[in-house]
$ cat input_21.csv   # CSV, C-alpha atoms
chain,number,residue,atom,x,y,z
A,1,GLU,CA,-14.3,3.3,36.7
A,2,PRO,CA,-15.8,3.1,33.2
A,3,GLU,CA,-14.7,0.1,31.2
A,4,VAL,CA,-15.1,-1.6,27.9
A,5,THR,CA,-17.3,-4.7,28.0
A,6,GLN,CA,-17.5,-7.6,25.5
A,7,THR,CA,-19.9,-10.5,25.0
A,8,PRO,CA,-19.7,-13.4,24.9
A,9,SER,CA,-16.5,-14.2,26.7
A,10,HIS,CA,-16.2,-17.4,24.8
A,11,GLN,CA,-17.8,-18.4,21.5
A,12,VAL,CA,-17.5,-21.8,19.9
A,13,THR,CA,-18.6,-22.2,16.3
A,14,GLN,CA,-18.4,-24.5,13.3
A,15,MET,CA,-16.3,-23.6,10.3
A,16,GLY,CA,-18.4,-21.7,7.8
A,17,GLN,CA,-20.8,-20.3,10.4
A,18,GLU,CA,-21.4,-16.6,11.0
A,19,VAL,CA,-20.5,-15.1,14.3
A,20,ILE,CA,-21.1,-11.7,15.8
A,21,LEU,CA,-18.9,-10.4,18.6
A,22,ARG,CA,-20.3,-7.6,20.7
A,23,CYS,CA,-18.7,-4.7,22.5
A,24,VAL,CA,-19.9,-1.8,24.6
A,25,PRO,CA,-17.3,0.9,24.5
A,26,ILE,CA,-16.8,3.5,27.3
A,27,SER,CA,-19.8,5.8,27.0
A,28,ASN,CA,-18.1,9.1,26.1
A,29,HIS,CA,-15.6,7.5,23.7
A,30,LEU,CA,-15.8,8.2,20.0
A,31,TYR,CA,-13.2,6.0,18.5
A,32,PHE,CA,-13.5,2.3,18.3
A,33,TYR,CA,-11.2,-0.5,17.4
A,34,TRP,CA,-11.1,-4.3,17.0
A,35,TYR,CA,-7.9,-6.3,17.5
A,36,ARG,CA,-7.2,-10.0,17.5
A,37,GLN,CA,-4.5,-12.1,19.2
A,38,ILE,CA,-3.9,-15.6,18.1
A,39,LEU,CA,-2.7,-17.8,20.9
A,40,GLY,CA,1.0,-17.1,21.6
A,41,GLN,CA,1.2,-14.3,19.1
A,42,LYS,CA,1.1,-10.6,19.1
A,43,VAL,CA,-1.9,-8.3,19.2
A,44,GLU,CA,-2.9,-7.4,15.6
A,45,PHE,CA,-5.0,-4.4,14.5
A,46,LEU,CA,-8.1,-5.2,12.5
A,47,VAL,CA,-10.1,-2.0,12.1
A,48,SER,CA,-10.7,1.4,13.4
A,49,PHE,CA,-14.2,3.1,13.4
A,50,TYR,CA,-15.2,6.7,13.9
A,51,ASN,CA,-18.3,8.7,13.0
A,52,ASN,CA,-20.1,5.6,11.9
A,53,GLU,CA,-17.6,4.6,9.3
A,54,ILE,CA,-14.4,2.7,9.0
A,55,SER,CA,-11.3,4.8,9.3
A,56,GLU,CA,-8.6,2.2,8.7
A,57,LYS,CA,-8.6,-1.5,8.2
A,58,SER,CA,-5.8,-4.0,8.0
A,59,GLU,CA,-5.1,-6.7,5.4
A,60,ILE,CA,-6.6,-9.2,7.8
A,61,PHE,CA,-10.0,-7.4,7.6
A,62,ASP,CA,-11.2,-8.8,4.3
A,63,ASP,CA,-14.7,-9.1,2.9
A,64,GLN,CA,-15.6,-11.8,5.5
A,65,PHE,CA,-15.4,-9.1,8.2
A,66,SER,CA,-17.7,-6.2,8.9
A,67,VAL,CA,-18.3,-3.8,11.8
A,68,GLU,CA,-21.4,-1.9,12.8
A,69,ARG,CA,-22.6,0.4,15.5
A,70,PRO,CA,-26.2,-0.5,15.5
A,71,ASP,CA,-27.2,1.9,18.3
A,72,GLY,CA,-25.7,4.4,20.6
A,73,SER,CA,-23.9,1.9,22.8
A,74,ASN,CA,-23.0,-1.3,20.9
A,75,PHE,CA,-20.1,-1.9,18.5
A,76,THR,CA,-20.1,-5.3,16.7
A,77,LEU,CA,-17.7,-7.4,14.7
A,78,LYS,CA,-19.2,-9.9,12.3
A,79,ILE,CA,-17.4,-12.7,10.6
A,80,ARG,CA,-19.5,-14.0,7.8
A,81,SER,CA,-18.1,-17.5,7.2
A,82,THR,CA,-15.6,-18.5,9.9
A,83,LYS,CA,-12.4,-20.3,9.1
A,84,LEU,CA,-10.2,-22.4,11.4
A,85,GLU,CA,-7.6,-19.7,11.3
A,86,ASP,CA,-10.1,-17.2,12.7
A,87,SER,CA,-9.7,-18.9,16.1
A,88,ALA,CA,-8.2,-16.2,18.4
A,89,MET,CA,-9.0,-13.7,21.2
A,90,TYR,CA,-10.8,-10.7,19.8
A,91,PHE,CA,-10.4,-7.4,21.7
A,92,CYS,CA,-12.5,-4.3,21.4
A,93,ALA,CA,-10.9,-1.0,22.4
A,94,SER,CA,-12.1,2.5,22.6
A,95,SER,CA,-10.6,6.0,22.9
A,96,GLU,CA,-11.9,9.4,23.8
A,97,ARG,CA,-9.4,11.5,22.1
A,98,THR,CA,-8.5,12.2,18.4
A,99,PRO,CA,-5.5,10.3,17.0
A,100,PRO,CA,-2.6,10.5,17.4
A,101,TYR,CA,-3.0,11.4,21.1
A,102,ASN,CA,-5.5,8.7,21.8
A,103,GLU,CA,-5.0,6.2,24.5
A,104,GLN,CA,-7.0,3.1,23.8
A,105,PHE,CA,-8.6,1.0,26.5
A,106,PHE,CA,-9.3,-2.6,25.9
A,107,GLY,CA,-12.2,-4.8,26.8
A,108,PRO,CA,-11.7,-8.3,28.3
A,109,GLY,CA,-11.9,-10.0,25.0
A,110,THR,CA,-13.9,-12.8,23.3
A,111,ARG,CA,-12.2,-16.1,22.8
A,112,LEU,CA,-13.4,-17.4,19.4
A,113,THR,CA,-12.9,-21.1,18.7
A,114,VAL,CA,-13.7,-22.4,15.2
A,115,LEU,CA,-14.0,-26.1,14.9
B,1,GLN,CA,13.3,-4.2,10.3
B,2,LYS,CA,10.3,-5.3,12.2
B,3,GLU,CA,7.6,-2.6,12.7
B,4,VAL,CA,7.8,-2.7,16.5
B,5,GLU,CA,10.5,-4.8,18.1
B,6,GLN,CA,10.9,-6.1,21.7
B,7,ASN,CA,13.1,-8.6,23.3
B,8,SER,CA,10.8,-11.5,24.2
B,9,GLY,CA,12.7,-12.3,27.4
B,10,PRO,CA,12.0,-13.6,30.0
B,11,LEU,CA,13.6,-10.8,31.9
B,12,SER,CA,14.1,-11.8,35.5
B,13,VAL,CA,14.7,-9.3,38.2
B,14,PRO,CA,14.7,-9.6,42.0
B,15,GLU,CA,11.9,-8.0,44.0
B,16,GLY,CA,12.7,-4.4,44.7
B,17,ALA,CA,15.0,-4.0,41.7
B,18,ILE,CA,14.5,-1.8,38.6
B,19,ALA,CA,13.2,-3.6,35.5
B,20,SER,CA,14.1,-2.0,32.2
B,21,LEU,CA,12.1,-2.9,29.1
B,22,ASN,CA,13.0,-1.7,25.7
B,23,CYS,CA,11.3,-1.2,22.3
B,24,THR,CA,12.4,0.0,18.9
B,25,TYR,CA,10.1,1.0,16.0
B,26,SER,CA,10.5,1.4,12.3
B,27,ASP,CA,8.2,4.4,11.4
B,28,ARG,CA,10.2,7.5,12.0
B,29,GLY,CA,7.0,9.6,11.9
B,30,SER,CA,5.3,7.8,14.7
B,31,GLN,CA,3.8,10.1,17.3
B,32,SER,CA,2.2,8.0,20.0
B,33,PHE,CA,3.8,5.3,22.2
B,34,PHE,CA,2.0,3.1,24.7
B,35,TRP,CA,3.0,0.5,27.2
B,36,TYR,CA,0.5,-2.2,28.0
B,37,ARG,CA,0.7,-4.9,30.6
B,38,GLN,CA,-0.9,-8.3,29.8
B,39,TYR,CA,-1.3,-11.0,32.3
B,40,SER,CA,-1.7,-14.5,30.9
B,41,GLY,CA,-5.2,-15.1,29.4
B,42,LYS,CA,-6.2,-11.4,30.0
B,43,SER,CA,-6.5,-8.3,27.8
B,44,PRO,CA,-3.9,-5.6,27.5
B,45,GLU,CA,-4.1,-3.0,30.3
B,46,LEU,CA,-2.7,0.5,29.5
B,47,ILE,CA,-0.1,1.5,32.0
B,48,MET,CA,1.8,4.4,30.3
B,49,PHE,CA,1.6,6.6,27.2
B,50,ILE,CA,4.1,9.1,26.0
B,51,TYR,CA,4.1,11.5,23.1
B,52,SER,CA,7.1,13.8,23.6
B,53,ASN,CA,10.8,13.1,23.7
B,54,GLY,CA,12.2,12.6,27.2
B,55,ASP,CA,10.9,11.0,30.4
B,56,LYS,CA,7.4,10.7,31.8
B,57,GLU,CA,6.9,9.4,35.3
B,58,ASP,CA,3.8,7.9,36.9
B,59,GLY,CA,4.3,6.3,40.3
B,60,ARG,CA,6.8,3.4,39.9
B,61,PHE,CA,6.7,3.6,36.1
B,62,THR,CA,8.8,5.8,33.9
B,63,ALA,CA,8.5,5.9,30.1
B,64,GLN,CA,11.4,7.2,28.1
B,65,LEU,CA,11.2,8.3,24.5
B,66,ASN,CA,13.9,9.0,22.0
B,67,LYS,CA,12.4,9.7,18.6
B,68,ALA,CA,15.8,10.3,16.9
B,69,SER,CA,16.9,6.8,17.9
B,70,GLN,CA,13.3,5.4,17.4
B,71,TYR,CA,13.5,4.0,20.8
B,72,VAL,CA,11.1,3.8,23.7
B,73,SER,CA,11.6,2.2,27.1
B,74,LEU,CA,9.8,1.5,30.3
B,75,LEU,CA,11.4,1.4,33.7
B,76,ILE,CA,9.6,-0.2,36.7
B,77,ARG,CA,11.1,0.8,40.0
B,78,ASP,CA,10.8,-1.3,43.2
B,79,SER,CA,9.5,-4.3,41.1
B,80,GLN,CA,6.9,-6.5,42.8
B,81,PRO,CA,6.0,-10.1,42.1
B,82,SER,CA,2.6,-8.7,41.0
B,83,ASP,CA,4.4,-6.9,38.2
B,84,SER,CA,5.2,-10.3,36.6
B,85,ALA,CA,3.5,-10.2,33.2
B,86,THR,CA,4.1,-9.6,29.6
B,87,TYR,CA,4.7,-5.9,28.7
B,88,LEU,CA,3.6,-4.8,25.3
B,89,CYS,CA,5.0,-1.8,23.5
B,90,ALA,CA,2.5,-0.3,21.1
B,91,VAL,CA,3.2,2.5,18.5
B,92,LEU,CA,0.8,4.6,16.5
B,93,GLY,CA,2.3,5.2,13.1
B,94,VAL,CA,2.0,4.5,9.5
B,95,PHE,CA,2.7,0.8,8.9
B,96,GLY,CA,2.0,-1.0,5.7
B,97,GLY,CA,0.5,2.2,4.2
B,98,TYR,CA,-2.1,3.1,6.8
B,99,GLN,CA,-2.3,4.5,10.3
B,100,LYS,CA,-2.7,1.9,13.0
B,101,VAL,CA,-1.4,1.0,16.5
B,102,THR,CA,1.2,-1.8,16.0
B,103,PHE,CA,2.1,-4.0,18.9
B,104,GLY,CA,5.4,-5.6,19.6
B,105,THR,CA,5.5,-9.3,20.6
B,106,GLY,CA,6.0,-8.3,24.2
B,107,THR,CA,8.7,-8.8,26.9
B,108,LYS,CA,7.9,-11.3,29.6
B,109,LEU,CA,8.9,-10.0,33.0
B,110,GLN,CA,9.5,-12.2,36.0
B,111,VAL,CA,10.0,-10.6,39.4
B,112,ILE,CA,11.6,-13.1,41.8
B,113,PRO,CA,10.5,-12.8,45.5
$ encode --input "input_21.csv" --output "structure tokens"
Amino acid sequence: EPEVTQTPSHQVTQMGQEVILRCVPISNHLYFYWYRQILGQKVEFLVSFYNNEISEKSEIFDDQFSVERPDGSNFTLKIRSTKLEDSAMYFCASSERTPPYNEQFFGPGTRLTVL
Amino acid sequence: QKEVEQNSGPLSVPEGAIASLNCTYSDRGSQSFFWYRQYSGKSPELIMFIYSNGDKEDGRFTAQLNKASQYVSLLIRDSQPSDSATYLCAVLGVFGGYQKVTFGTGTKLQVIP
């Protein structure tokens, strides 16, 4: 069964460093998302992406964040200058259908630890 | 009112019983409702979605939606110890001025053998 994949599974970085989290969505999906989950807290929406542009972004997704689909398969989240509070699980999700009837399937996540 | 609200639990049920999980949401115009299961340290796994008022059944799971009451629930029949997890209610609506899927904090379910 097709699934969303993410790399790396765990990323440790120093405060102020740039990180890139990578995702490979399910191959026929057209809608892509990033979420984060701080330990013990709820899953929070960061950004949605369709047709090579951002559709929606949350207040969390400030100028330090960017997303890109550099080729036909990868979808990346870049954090330019990491802060301690960026430590969280980051989940990529993808969907085949147009909102609002769009079930989203999550990848296994990348645990980001900022020291 | 919180955007998506769930009782954090834990909800404890004996094996074989029906588990009932509830969720309310604030955006009356919301159109899509999802239930995810999340095991500790793992990613959310989609188990049910519902778009129309009424009931939707899939195996041991039934989702119930009442848009007038802004209420969605998940019933798990014949609960098994493997169902022990946190169940996340997620709603696609306009929250904070833009469209997004908003998650509740989740209800922790414990199925006692």
$ atom_distance --input "input_21.csv" --atom1 "CA of Glu96 in chain A" --atom2 "CA of Lys78 in chain A"
23.6 Å
$ closest_residue --input "input_21.csv" --among "B:Leu74, B:Ala68, B:Ile18, B:Cys23" --to "Gln110 in chain B" --atoms "only C-alpha atoms"
B:Ile18
$ interface_residues --input "input_21.csv" --of "chain B" --to "chain A" --cutoff "9 Å" --atoms "only C-alpha atoms" --output "PyMOL selection string"
chain B and resi 30-32+34+42-46+49-51+88+92-93+96+98-106
$ atom_distance --input "input_21.csv" --atom1 "CA of Val24 in chain A" --atom2 "CA of Asn51 in chain A"
15.7 Å
$ atom_distance --input "input_21.csv" --atom1 "CA of Ser26 in chain B" --atom2 "CA of Lys2 in chain B"
6.7 Å
$ residues_around --input "input_21.csv" --residues "range 10-13 of chain A" --least-positions-apart "6" --cutoff "12 Å" --atoms "only C-alpha atoms" --output "JSON, numbers by chain"
{"A": [19, 20, 21, 22, 79, 80, 81, 82, 83, 84, 86, 87, 88, 89, 90, 91, 108, 109, 110, 111, 112, 113, 114, 115]}
$ closest_residue --input "input_21.csv" --among "B:Leu75, B:Leu11, B:Val111, B:Val94" --to "Glu57 in chain B" --atoms "all atoms listed in the file"
B:Leu75
$ closest_residue --input "input_21.csv" --among "B:Gly97, B:Gly41, B:Gly9, B:Pro113" --to "Gln80 in chain B" --atoms "only C-alpha atoms"
B:Pro113
$ closest_residue --input "input_21.csv" --among "B:Val91, B:Ser40, B:Tyr25, B:Asp83" --to "Val13 in chain B" --atoms "only C-alpha atoms"
B:Asp83
$ closest_residue --input "input_21.csv" --among "A:Gln14, A:Glu85, A:Cys23, A:Asn28" --to "Val67 in chain A" --atoms "all atoms listed in the file"
A:Cys23
$ closest_residue --input "input_21.csv" --among "A:Glu68, A:Ser73, A:Ser94, A:Leu30" --to "Tyr50 in chain A" --atoms "only C-alpha atoms"
A:Leu30
$ residues_around --input "input_21.csv" --residues "Asn52 in chain A" --least-positions-apart "5" --cutoff "12 Å" --atoms "all atoms listed in the file" --output "list of chain:residue names"
A:Leu30, A:Tyr31, A:Phe32, A:Val67, A:Glu68, A:Arg69, A:Pro70, A:Asp71, A:Gly72, A:Asn74, A:Phe75, A:Thr76
$ decode --input "input_21.csv" --residues "range 7-32 of chain A" --atoms "N, CA and C atoms" --output "tab-separated table (two decimals), in the first residue's frame"
chain	number	residue	atom	x	y	z
A	7	THR	N	12.27	11.75	5.70
A	7	THR	CA	13.65	11.61	6.16
A	7	THR	C	14.17	12.95	6.63
A	8	PRO	N	15.08	12.97	7.62
A	8	PRO	CA	15.47	11.81	8.43
A	8	PRO	C	14.38	11.52	9.47
A	9	SER	N	14.53	10.43	10.19
A	9	SER	CA	13.56	10.13	11.25
A	9	SER	C	13.85	10.99	12.48
A	10	HIS	N	15.11	11.34	12.67
A	10	HIS	CA	15.49	12.18	13.80
A	10	HIS	C	16.61	13.12	13.35
A	11	GLN	N	16.46	14.40	13.66
A	11	GLN	CA	17.44	15.41	13.30
A	11	GLN	C	17.79	16.22	14.55
A	12	VAL	N	19.06	16.25	14.87
A	12	VAL	CA	19.52	17.06	15.99
A	12	VAL	C	20.34	18.21	15.42
A	13	THR	N	20.06	19.43	15.88
A	13	THR	CA	20.76	20.59	15.34
A	13	THR	C	21.00	21.61	16.44
A	14	GLN	N	21.93	22.49	16.17
A	14	GLN	CA	22.21	23.59	17.10
A	14	GLN	C	21.31	24.77	16.77
A	15	MET	N	20.94	25.50	17.80
A	15	MET	CA	20.14	26.71	17.63
A	15	MET	C	20.80	27.64	16.61
A	16	GLY	N	20.00	28.18	15.70
A	16	GLY	CA	20.51	29.09	14.69
A	16	GLY	C	20.89	28.42	13.39
A	17	GLN	N	20.96	27.08	13.39
A	17	GLN	CA	21.31	26.35	12.18
A	17	GLN	C	20.07	26.15	11.30
A	18	GLU	N	20.33	25.93	10.04
A	18	GLU	CA	19.26	25.64	9.07
A	18	GLU	C	19.03	24.14	9.00
A	19	VAL	N	17.78	23.74	8.90
A	19	VAL	CA	17.47	22.32	8.69
A	19	VAL	C	16.50	22.18	7.52
A	20	ILE	N	16.61	21.08	6.84
A	20	ILE	CA	15.66	20.73	5.77
A	20	ILE	C	15.10	19.36	6.07
A	21	LEU	N	13.79	19.32	6.17
A	21	LEU	CA	13.08	18.06	6.40
A	21	LEU	C	12.47	17.64	5.08
A	22	ARG	N	12.61	16.36	4.79
A	22	ARG	CA	12.20	15.87	3.46
A	22	ARG	C	11.03	14.89	3.56
A	23	CYS	N	10.22	14.93	2.54
A	23	CYS	CA	9.02	14.11	2.46
A	23	CYS	C	8.84	13.64	1.02
A	24	VAL	N	8.40	12.40	0.89
A	24	VAL	CA	7.96	11.91	-0.41
A	24	VAL	C	6.49	11.56	-0.28
A	25	PRO	N	5.59	12.38	-0.81
A	25	PRO	CA	4.17	12.09	-0.71
A	25	PRO	C	3.79	10.86	-1.54
A	26	ILE	N	2.57	10.39	-1.34
A	26	ILE	CA	2.04	9.30	-2.16
A	26	ILE	C	1.98	9.78	-3.61
A	27	SER	N	2.35	8.91	-4.54
A	27	SER	CA	2.73	9.35	-5.88
A	27	SER	C	1.62	10.06	-6.66
A	28	ASN	N	0.37	9.69	-6.52
A	28	ASN	CA	-0.68	10.34	-7.30
A	28	ASN	C	-1.39	11.46	-6.53
A	29	HIS	N	-0.84	11.82	-5.38
A	29	HIS	CA	-1.45	12.88	-4.59
A	29	HIS	C	-0.98	14.25	-5.07
A	30	LEU	N	-1.87	15.22	-4.92
A	30	LEU	CA	-1.59	16.55	-5.43
A	30	LEU	C	-1.54	17.63	-4.35
A	31	TYR	N	-2.01	17.29	-3.16
A	31	TYR	CA	-2.09	18.27	-2.08
A	31	TYR	C	-1.15	17.83	-0.97
A	32	PHE	N	-0.37	18.77	-0.48
A	32	PHE	CA	0.68	18.42	0.47
A	32	PHE	C	0.61	19.35	1.67
